[in-house]
file my_file-v7.cif (mmCIF, C-alpha atoms and all ligand atoms)
data_my_file
loop_
_atom_site.label_atom_id
_atom_site.label_comp_id
_atom_site.auth_asym_id
_atom_site.auth_seq_id
_atom_site.Cartn_x
_atom_site.Cartn_y
_atom_site.Cartn_z
CA MET A 27 -23.50 -15.49 8.81
CA THR A 28 -23.31 -18.82 6.90
CA ASN A 29 -22.62 -19.73 3.27
CA GLN A 30 -24.55 -22.21 1.04
CA ASN A 31 -22.87 -25.14 2.80
CA ASN A 32 -23.91 -23.71 6.16
CA ASN A 33 -20.29 -23.03 7.10
CA VAL A 34 -19.78 -19.95 9.22
CA VAL A 35 -18.25 -17.22 7.09
CA ARG A 36 -15.66 -15.23 8.99
CA PRO A 37 -16.87 -11.60 8.91
CA GLU A 38 -13.57 -10.33 7.54
CA VAL A 39 -13.87 -12.71 4.52
CA ASN A 40 -17.37 -11.44 3.90
CA SER A 41 -16.43 -7.79 4.08
CA CYS A 42 -13.35 -8.42 1.92
CA ILE A 43 -15.50 -10.01 -0.77
CA ASN A 44 -18.10 -7.26 -0.58
CA THR A 45 -15.47 -4.60 -1.01
CA LEU A 46 -13.71 -6.54 -3.76
CA ILE A 47 -16.97 -6.92 -5.64
CA SER A 48 -19.00 -3.82 -4.89
CA GLY A 49 -16.69 -1.23 -3.36
CA PRO A 50 -17.14 2.38 -4.43
CA GLU A 51 -14.44 1.91 -7.05
CA SER A 52 -16.00 -1.21 -8.52
CA MET A 53 -17.54 0.20 -11.70
CA ALA A 54 -14.71 2.62 -12.25
CA VAL A 55 -12.27 -0.27 -12.15
CA LEU A 56 -14.45 -2.76 -14.03
CA GLY A 57 -12.94 -1.84 -17.38
CA GLU A 58 -9.46 -1.92 -15.89
CA PHE A 59 -10.21 -5.28 -14.26
CA LEU A 60 -11.22 -6.73 -17.62
CA GLY A 61 -8.31 -5.06 -19.36
CA PHE A 62 -10.33 -2.72 -21.63
CA SER A 63 -10.50 1.02 -22.01
CA HIS A 64 -14.00 2.35 -21.26
CA SER A 65 -14.92 2.78 -24.94
CA ASN A 66 -13.65 -0.67 -25.90
CA PHE A 67 -15.45 -2.13 -22.96
CA ILE A 68 -18.76 -0.57 -24.06
CA LYS A 69 -18.25 -2.01 -27.58
CA ARG A 70 -17.47 -5.37 -26.04
CA LEU A 71 -20.62 -5.29 -23.88
CA ASP A 72 -22.61 -4.47 -27.01
CA LEU A 73 -21.15 -7.35 -28.96
CA GLU A 74 -21.75 -9.88 -26.24
CA GLY A 75 -25.25 -8.61 -25.46
CA ALA A 76 -24.45 -7.97 -21.83
CA ASN A 77 -27.29 -6.75 -19.62
CA VAL A 78 -28.44 -3.17 -19.86
CA ASN A 79 -27.84 -2.46 -16.18
CA ALA A 80 -24.14 -3.15 -16.52
CA TRP A 81 -24.01 -0.90 -19.55
CA ILE A 82 -25.83 1.88 -17.69
CA ASP A 83 -23.58 1.43 -14.67
CA LEU A 84 -20.58 1.71 -16.91
CA MET A 85 -22.01 4.83 -18.52
CA ARG A 86 -22.37 6.29 -15.04
CA ALA A 87 -18.79 5.44 -14.24
CA ALA A 88 -17.58 6.97 -17.50
CA SER A 89 -19.64 10.17 -17.07
CA PRO A 90 -19.95 10.98 -13.40
CA THR A 91 -23.34 12.35 -12.40
CA ARG A 92 -23.72 15.69 -10.73
CA SER A 93 -23.87 14.03 -7.30
CA GLU A 94 -20.75 11.97 -7.97
CA ASN A 95 -18.98 15.11 -9.08
CA GLN A 96 -20.22 16.84 -5.94
CA GLU A 97 -19.03 13.91 -3.83
CA LYS A 98 -15.58 14.14 -5.40
CA SER A 99 -15.42 17.91 -4.98
CA SER A 100 -16.34 17.75 -1.30
CA TRP A 101 -13.86 14.91 -0.75
CA ILE A 102 -11.11 16.99 -2.35
CA LEU A 103 -12.06 19.87 -0.10
CA TYR A 104 -11.25 17.72 2.93
CA HIS A 105 -8.29 15.94 1.34
CA PRO A 106 -6.70 18.52 -0.95
CA SER A 107 -3.87 17.91 -3.37
CA ALA A 108 -0.45 17.83 -1.69
CA ILE A 109 0.95 19.50 -4.82
CA LYS A 110 -1.53 22.36 -4.79
CA LEU A 111 -0.99 22.86 -1.05
CA PHE A 112 2.75 22.25 -1.17
CA ASP A 113 3.53 25.61 0.50
CA GLU A 114 1.13 24.85 3.35
CA ILE A 115 2.86 21.51 4.00
CA ILE A 116 6.30 23.13 3.91
CA TYR A 117 5.09 25.86 6.28
CA SER A 118 3.94 23.22 8.81
CA ALA A 119 7.31 21.48 8.53
CA LYS A 120 9.25 24.68 9.21
CA GLY A 121 12.16 24.13 11.62
CA LYS A 122 11.51 20.38 11.84
CA GLU A 123 13.28 17.40 10.32
CA ILE A 124 11.21 15.79 7.59
CA VAL A 125 11.27 11.99 7.60
CA PHE A 126 9.72 10.13 4.67
CA PHE A 127 7.70 6.91 4.84
CA LEU A 128 6.71 5.60 1.43
CA ASP A 129 4.53 2.67 0.53
CA TYR A 130 5.66 0.80 -2.62
CA ASP A 131 2.84 -0.66 -4.79
CA GLY A 132 0.46 1.97 -6.10
CA THR A 133 2.60 4.74 -4.58
CA LEU A 134 6.09 4.44 -6.06
CA SER A 135 5.10 1.99 -8.79
CA PRO A 136 1.88 1.83 -10.79
CA ILE A 137 -0.53 -1.05 -10.15
CA VAL A 138 0.00 -3.74 -12.81
CA ALA A 139 -1.50 -7.18 -13.42
CA ASP A 140 1.67 -9.13 -12.66
CA PRO A 141 3.02 -8.40 -9.15
CA ASP A 142 6.50 -9.49 -10.29
CA LYS A 143 6.53 -6.68 -12.85
CA ALA A 144 5.63 -3.72 -10.65
CA PHE A 145 8.70 -1.73 -11.62
CA MET A 146 9.40 1.87 -10.63
CA THR A 147 10.40 4.28 -13.35
CA ARG A 148 14.02 5.44 -13.58
CA LYS A 149 12.81 8.93 -12.89
CA MET A 150 11.20 7.78 -9.63
CA ARG A 151 14.42 6.00 -8.59
CA ALA A 152 16.50 9.11 -9.28
CA THR A 153 14.07 11.27 -7.30
CA LEU A 154 14.04 8.79 -4.41
CA LYS A 155 17.83 8.81 -4.36
CA ASP A 156 17.77 12.60 -4.09
CA ILE A 157 15.10 12.50 -1.40
CA ALA A 158 17.21 10.07 0.65
CA ARG A 159 20.21 12.40 0.33
CA HIS A 160 18.30 15.09 2.18
CA PHE A 161 15.85 13.26 4.47
CA PRO A 162 15.78 9.92 6.33
CA THR A 163 13.58 7.76 4.10
CA ALA A 164 11.85 4.42 4.63
CA ILE A 165 9.91 2.14 2.29
CA VAL A 166 6.97 0.63 4.20
CA THR A 167 5.44 -2.24 2.25
CA GLY A 168 3.52 -5.50 2.32
CA ARG A 169 6.17 -7.01 0.02
CA CYS A 170 9.02 -9.14 1.32
CA ARG A 171 12.27 -7.27 1.84
CA ASP A 172 14.31 -8.97 -0.90
CA LYS A 173 11.66 -8.38 -3.53
CA VAL A 174 11.09 -4.73 -2.72
CA PHE A 175 14.83 -4.14 -2.52
CA ASN A 176 15.19 -5.62 -6.01
CA PHE A 177 12.61 -3.13 -7.27
CA VAL A 178 13.97 -0.07 -5.45
CA LYS A 179 17.69 -0.91 -5.46
CA LEU A 180 18.70 1.85 -3.04
CA ALA A 181 20.79 0.65 -0.09
CA GLU A 182 20.66 4.02 1.64
CA LEU A 183 16.97 3.64 2.57
CA TYR A 184 15.26 1.95 5.51
CA TYR A 185 12.97 -0.93 4.55
CA ALA A 186 9.97 -1.95 6.67
CA ALA A 187 8.85 -4.98 4.64
CA SER A 188 6.14 -7.62 5.21
CA HIS A 189 3.80 -4.90 6.55
CA GLY A 190 6.52 -3.67 8.91
CA MET A 191 7.38 -7.12 10.29
CA ASP A 192 10.87 -7.05 8.75
CA ILE A 193 12.70 -3.79 9.35
CA MET A 194 16.16 -3.12 7.99
CA GLY A 195 18.33 0.00 8.20
CA PRO A 196 20.55 1.46 5.50
CA THR A 197 23.51 -0.70 4.56
CA LYS A 198 25.58 2.00 2.92
CA ASN A 199 25.76 5.80 3.23
CA GLY A 200 24.55 5.22 6.77
CA SER A 201 24.48 2.52 9.36
CA ALA A 202 21.93 0.55 11.31
CA VAL A 203 20.71 2.46 14.33
CA LYS A 204 20.19 -0.49 16.62
CA SER A 205 19.87 -4.22 16.33
CA ASN A 206 17.76 -6.82 18.13
CA ASN A 207 20.17 -9.60 17.34
CA ASN A 208 23.83 -10.11 18.07
CA ASN A 209 24.70 -11.48 14.69
CA ASN A 210 27.42 -9.16 13.40
CA THR A 211 26.99 -10.35 9.83
CA ASN A 212 23.42 -9.10 9.81
CA LYS A 213 23.85 -5.74 11.50
CA ALA A 214 21.31 -3.88 9.39
CA VAL A 215 18.30 -5.95 10.50
CA LEU A 216 16.57 -3.81 13.10
CA PHE A 217 13.41 -5.69 14.02
CA GLN A 218 11.54 -8.88 13.12
CA PRO A 219 8.62 -9.27 15.55
CA ALA A 220 7.06 -12.29 13.80
CA GLY A 221 10.07 -14.61 13.56
CA GLN A 222 8.30 -17.53 15.23
CA PHE A 223 5.60 -17.50 12.52
CA LEU A 224 7.99 -18.29 9.66
CA PRO A 225 7.40 -22.10 9.63
CA MET A 226 3.61 -21.57 9.81
CA ILE A 227 3.65 -19.02 6.98
CA ASP A 228 5.70 -21.39 4.81
CA GLU A 229 3.30 -24.24 5.55
CA VAL A 230 0.23 -22.15 4.68
CA TYR A 231 1.94 -20.87 1.54
CA LYS A 232 2.37 -24.43 0.26
CA ILE A 233 -1.23 -25.34 1.14
CA LEU A 234 -2.62 -22.23 -0.57
CA LEU A 235 -0.54 -22.89 -3.69
CA GLU A 236 -2.06 -26.34 -3.89
CA LYS A 237 -5.65 -25.28 -3.10
CA THR A 238 -5.73 -22.36 -5.52
CA LYS A 239 -3.93 -23.87 -8.50
CA CYS A 240 -7.27 -24.83 -10.09
CA VAL A 241 -8.47 -21.20 -10.11
CA PRO A 242 -7.31 -19.56 -13.34
CA GLY A 243 -5.44 -16.31 -12.68
CA ALA A 244 -5.09 -16.82 -8.92
CA LYS A 245 -1.63 -16.16 -7.58
CA VAL A 246 -0.17 -16.72 -4.13
CA GLU A 247 2.81 -14.56 -3.22
CA ASN A 248 5.15 -15.39 -0.36
CA ASN A 249 6.08 -12.17 1.42
CA LYS A 250 8.12 -14.03 4.07
CA PHE A 251 6.21 -12.99 7.23
CA CYS A 252 2.88 -12.73 5.38
CA LEU A 253 1.21 -14.00 2.22
CA SER A 254 -0.85 -12.43 -0.56
CA VAL A 255 -3.56 -14.16 -2.56
CA HIS A 256 -4.08 -12.13 -5.73
CA PHE A 257 -7.54 -11.77 -7.32
CA ARG A 258 -6.64 -9.22 -10.02
CA CYS A 259 -6.37 -11.78 -12.85
CA VAL A 260 -9.20 -14.01 -11.62
CA ASP A 261 -12.63 -13.88 -13.27
CA GLU A 262 -14.96 -12.02 -10.92
CA LYS A 263 -17.29 -15.03 -10.83
CA SER A 264 -14.54 -17.01 -9.15
CA TRP A 265 -13.76 -14.41 -6.47
CA ALA A 266 -16.18 -15.79 -3.88
CA PRO A 267 -15.11 -19.45 -4.33
CA LEU A 268 -11.46 -18.39 -4.18
CA ALA A 269 -12.00 -16.42 -0.98
CA GLU A 270 -13.86 -19.42 0.43
CA LYS A 271 -10.83 -21.63 -0.27
CA VAL A 272 -8.63 -19.15 1.59
CA ARG A 273 -11.10 -19.09 4.48
CA LEU A 274 -11.15 -22.87 4.78
CA VAL A 275 -7.36 -22.96 4.99
CA LEU A 276 -7.25 -20.12 7.52
CA ASN A 277 -9.84 -21.82 9.73
CA GLU A 278 -7.10 -24.29 10.64
CA TYR A 279 -4.72 -21.45 11.61
CA PRO A 280 -6.32 -19.21 14.25
CA LYS A 281 -2.97 -17.50 14.82
CA LEU A 282 -3.18 -16.00 11.34
CA ARG A 283 -5.53 -13.23 10.23
CA LEU A 284 -6.83 -11.87 6.98
CA THR A 285 -6.69 -8.28 5.71
CA GLN A 286 -7.58 -6.82 2.34
CA GLY A 287 -5.73 -4.71 -0.16
CA ARG A 288 -6.21 -3.84 -3.82
CA LYS A 289 -7.68 -7.04 -5.31
CA VAL A 290 -5.64 -9.03 -2.86
CA LEU A 291 -6.27 -10.89 0.39
CA GLU A 292 -3.36 -10.75 2.80
CA ILE A 293 -2.64 -13.37 5.44
CA ARG A 294 -0.52 -12.40 8.39
CA PRO A 295 0.19 -13.26 12.03
CA THR A 296 -2.31 -12.03 14.63
CA ILE A 297 0.40 -10.03 16.42
CA LYS A 298 -0.38 -6.37 17.10
CA TRP A 299 1.98 -5.01 14.51
CA ASP A 300 1.24 -3.03 11.38
CA LYS A 301 2.59 -0.20 9.23
CA GLY A 302 1.65 2.33 11.95
CA LYS A 303 3.68 0.46 14.56
CA ALA A 304 6.58 0.22 12.09
CA LEU A 305 6.45 3.99 11.57
CA GLU A 306 6.65 4.56 15.34
CA PHE A 307 9.47 2.03 15.67
CA LEU A 308 11.48 3.82 12.98
CA LEU A 309 10.88 7.26 14.48
CA GLU A 310 12.10 5.92 17.81
CA SER A 311 15.13 4.33 16.15
CA LEU A 312 15.95 7.66 14.57
CA GLY A 313 15.84 9.31 18.00
CA TYR A 314 12.49 11.08 17.61
CA GLU A 315 10.46 9.15 20.18
CA ASN A 316 9.35 12.16 22.24
CA SER A 317 10.44 14.89 19.91
CA ASN A 318 8.47 17.78 18.49
CA ASP A 319 11.23 18.50 16.02
CA VAL A 320 10.22 15.84 13.53
CA PHE A 321 7.77 16.06 10.63
CA PRO A 322 6.94 12.58 9.27
CA ILE A 323 5.39 12.46 5.81
CA TYR A 324 3.71 9.13 5.03
CA ILE A 325 2.53 8.48 1.46
CA GLY A 326 0.46 5.38 0.65
CA ASP A 327 -2.47 4.17 -1.42
CA ASP A 328 -3.86 1.17 0.39
CA ARG A 329 -6.00 0.19 3.39
CA THR A 330 -2.94 -1.06 5.25
CA ASP A 331 -1.48 2.46 5.03
CA GLU A 332 -4.42 3.78 7.06
CA ASP A 333 -2.78 2.36 10.23
CA ALA A 334 0.12 4.76 9.64
CA PHE A 335 -2.17 7.70 8.80
CA LYS A 336 -4.00 7.08 12.10
CA VAL A 337 -0.72 7.10 14.05
CA LEU A 338 0.20 10.48 12.57
CA ARG A 339 -3.22 11.90 13.43
CA ARG A 340 -2.99 10.56 16.98
CA ARG A 341 0.51 11.99 17.46
CA GLY A 342 -0.55 15.27 15.84
CA GLN A 343 2.66 15.14 13.85
CA GLY A 344 3.48 15.41 10.16
CA VAL A 345 1.04 14.54 7.40
CA GLY A 346 -0.51 11.51 5.74
CA ILE A 347 -0.95 11.64 1.97
CA LEU A 348 -3.28 9.18 0.26
CA VAL A 349 -2.55 8.22 -3.35
CA SER A 350 -5.95 7.95 -5.01
CA SER A 351 -7.86 9.48 -7.87
CA VAL A 352 -11.23 8.43 -6.44
CA PRO A 353 -12.86 9.38 -3.12
CA LYS A 354 -12.02 6.92 -0.34
CA GLU A 355 -12.52 6.97 3.38
CA THR A 356 -9.13 7.89 4.81
CA ASP A 357 -7.27 9.32 7.77
CA ALA A 358 -4.81 11.02 5.43
CA SER A 359 -4.91 14.81 5.21
CA TYR A 360 -3.83 15.29 1.61
CA THR A 361 -3.99 13.38 -1.66
CA LEU A 362 -1.96 12.71 -4.78
CA GLN A 363 -3.61 11.12 -7.79
CA ASP A 364 -1.03 8.52 -8.84
CA PRO A 365 2.69 7.59 -8.70
CA SER A 366 3.62 10.26 -11.25
CA GLU A 367 2.17 12.92 -8.91
CA VAL A 368 4.07 11.28 -6.04
CA GLU A 369 7.28 11.70 -8.05
CA HIS A 370 6.39 15.32 -8.79
CA PHE A 371 5.72 16.05 -5.09
CA LEU A 372 8.99 14.38 -3.99
CA ARG A 373 10.93 16.29 -6.66
CA ARG A 374 9.51 19.60 -5.37
CA LEU A 375 10.63 18.67 -1.87
CA VAL A 376 14.16 18.05 -3.15
CA GLU A 377 14.21 21.38 -4.98
CA TRP A 378 12.83 23.21 -1.95
CA LYS A 379 15.49 21.59 0.28
CA ARG A 380 18.27 22.51 -2.13
CA SER A 381 17.13 26.12 -2.36
CA SER A 382 16.72 26.37 1.40
CA ASN A 383 20.30 25.05 1.85
CA VAL A 384 21.48 27.91 -0.39
CA ASN A 385 19.21 30.40 1.37
CA PRO A 386 18.72 29.04 4.93
CA THR A 387 16.32 31.84 6.00
CA SER A 388 13.66 30.42 3.69
CA ALA A 389 13.57 27.02 5.52
O1 LIG B 401 2.19 -2.26 0.91
P1 LIG B 401 2.34 -2.28 -0.59
O2 LIG B 401 3.72 -1.93 -1.04
O3 LIG B 401 1.30 -1.42 -1.26
O4 LIG B 401 2.07 -3.79 -1.00
C1 LIG B 401 0.73 -4.30 -0.96
C2 LIG B 401 0.60 -5.44 -1.94
O5 LIG B 401 1.14 -4.93 -3.17
C3 LIG B 401 1.28 -5.83 -4.26
O6 LIG B 401 -0.01 -6.10 -4.80
C4 LIG B 401 -0.60 -4.96 -5.40
O7 LIG B 401 0.22 -4.53 -6.52
C5 LIG B 401 0.34 -5.52 -7.59
C6 LIG B 401 1.30 -4.97 -8.62
O8 LIG B 401 0.89 -3.72 -9.10
C7 LIG B 401 -1.06 -5.80 -8.15
O9 LIG B 401 -0.96 -6.78 -9.18
C8 LIG B 401 -1.98 -6.31 -7.03
O10 LIG B 401 -3.29 -6.48 -7.51
C9 LIG B 401 -2.00 -5.28 -5.88
O11 LIG B 401 -2.74 -5.79 -4.77
C10 LIG B 401 2.00 -7.09 -3.84
O12 LIG B 401 2.04 -7.99 -4.91
C11 LIG B 401 1.38 -7.70 -2.59
O13 LIG B 401 2.15 -8.81 -2.19
C12 LIG B 401 1.41 -6.65 -1.50
O14 LIG B 401 0.86 -7.18 -0.31
#
call {"tool": "encode", "arguments": {"input": "my_file-v7.cif", "output": "structure tokens", "more": "lines below"}}
Ligand SMILES: O=P(O)(O)OC[C@H]1O[C@H](O[C@H]2O[C@H](CO)[C@@H](O)[C@H](O)[C@H]2O)[C@H](O)[C@@H](O)[C@@H]1O
result
Amino acid sequence: MTNQNNNVVRPEVNSCINTLISGPESMAVLGEFLGFSHSNFIKRLDLEGANVNAWIDLMRAASPTRSENQEKSSWILYHPSAIKLFDEIIYSAKGKEIVFFLDYDGTLSPIVADPDKAFMTRKMRATLKDIARHFPTAIVTGRCRDKVFNFVKLAELYYAASHGMDIMGPTKNGSAVKSNNNNNTNKAVLFQPAGQFLPMIDEVYKILLEKTKCVPGAKVENNKFCLSVHFRCVDEKSWAPLAEKVRLVLNEYPKLRLTQGRKVLEIRPTIKWDKGKALEFLLESLGYENSNDVFPIYIGDDRTDEDAFKVLRRRGQGVGILVSSVPKETDASYTLQDPSEVEHFLRRLVEWKRSSNVNPTSA
């Protein structure tokens, strides 16, 4: 496929743009994207004489039709609420050690316009602290390690940052399980499979900053072993030209690839490493490589989390839980609507664990 200038458009750029612009969530998030509530958005459309189709589409999004309702009901049938089916999950975990893998953005913290302000609530931090007291727990994120650590601030967790390309063990209340470097001052770093890409990532970061500075709202985030180009605050009309700028830069770097998240394009090395591989690495590090006694629970909201859901399905172990309030294609088995439901689910796990410690026959 070619664009207006007859340049070949890399298929992943094309599909990223299509999903950014017309994915199943597009109308439902249109108001959010523009920063209005639905009712304010309708008033605004009225005032500015926007086209009727957009208004009708928005009406549809605000009042789901029978078939949309049916679609949601059948989706929920296949991906039921992890809170409603809490007992079923606990029953499957019986006699096994639960290990938690938690994505950060959209799972532990709500999605916000400014990526530097994606804070977790205090309640979530307290619950996470309790979770980590009872179960090995890892944060698996596209963020760079320092940034996510500054948000979470819990040294007792594992961190698989930069989409799993920067894995660190607990630095207090526990110790690193194994290390791939001999540097004693950095004992907690467990694995960094993309080290040789650092200079290239830095170079591309600087180029992208320069190339995108003329696009209002565009933001490039350096996640150390990968980069994010944010579209959330960019006018939708500028999405295609912005993606084209990213494509032109990436054309010069065949060792980097493009993936897509929530209103973000992510640039990362072409190595075969993702959140699923990070999950397997951590299970192995914890001594569960060939064990049937482990029950991994992975909770995430984004496309990149699907790699981990697939790994769990393939291993036939544990459960994947997708955080979403709208139907999405997923390999997860259960769903939670938003970070506050994630907190609720984690809190129930803590309470269940405490009560089963008091009454061990119930575990
Ligand atoms: O793996 P994750 O922890 O989910 O990280 C994926 C990306 O998350 C962040 O971007 C997303 O959240 C932002 C803050 O809510 C939001 O503004 C943005 O639109 C979302 O895409 C993060 O900033 C990226 O670097 C991560 O790759």
call {"tool": "residues_near_ligand", "arguments": {"input": "my_file-v7.cif", "ligand": "ligand LIG 401 (chain B)", "cutoff": "8 Å", "atoms": "only C-alpha atoms and all ligand atoms", "output": "ChimeraX atom specification"}}
result
/A:129-133,135-144,166-170,188-189,247-249,253-258,287-290,292,326-328,330-331
call {"tool": "atom_distance", "arguments": {"input": "my_file-v7.cif", "atom1": "CA of Pro196 in chain A", "atom2": "CA of Ser366 in chain A"}}
result
25.4 Å
call {"tool": "closest_atom_pairs", "arguments": {"input": "my_file-v7.cif", "of": "range 302-348 of chain A", "to": "range 215-229 of chain A", "cutoff": "10 Å", "atoms": "all atoms listed in the file", "output": "tab-separated table"}}
result
residue	atom	partner	partner_atom	distance
A:Ala304	CA	A:Phe217	CA	9.2
A:Phe307	CA	A:Phe217	CA	8.8
A:Leu308	CA	A:Leu216	CA	9.2
A:Ser311	CA	A:Leu216	CA	8.8
call {"tool": "closest_residue", "arguments": {"input": "my_file-v7.cif", "among": "A:Lys263, A:Lys245, A:Lys303, A:Lys98", "to": "Ala334 in chain A", "atoms": "all atoms listed in the file"}}
result
A:Lys303
call {"tool": "closest_residue", "arguments": {"input": "my_file-v7.cif", "among": "A:Gln286, A:Leu134, A:Ile124, A:Ile115", "to": "Val349 in chain A", "atoms": "all atoms listed in the file"}}
result
A:Leu134
call {"tool": "residues_around", "arguments": {"input": "my_file-v7.cif", "residues": "Ile323 in chain A", "least_positions_apart": "4", "cutoff": "6 Å", "atoms": "only C-alpha atoms", "output": "MDAnalysis selection string"}}
result
chainID A and resid 126 344:346
call {"tool": "closest_residue", "arguments": {"input": "my_file-v7.cif", "among": "A:Thr356, A:Thr197, A:Asn385, A:Ser93", "to": "Lys336 in chain A", "atoms": "all atoms listed in the file"}}
result
A:Thr356
call {"tool": "atom_distance", "arguments": {"input": "my_file-v7.cif", "atom1": "CA of Lys155 in chain A", "atom2": "CA of Lys179 in chain A"}}
result
9.8 Å
call {"tool": "atom_distance", "arguments": {"input": "my_file-v7.cif", "atom1": "CA of Thr361 in chain A", "atom2": "CA of His160 in chain A"}}
result
22.7 Å
call {"tool": "closest_residue", "arguments": {"input": "my_file-v7.cif", "among": "A:Glu270, A:Glu182, A:Glu355, A:Asp172", "to": "Asp156 in chain A", "atoms": "all atoms listed in the file"}}
result
A:Glu182
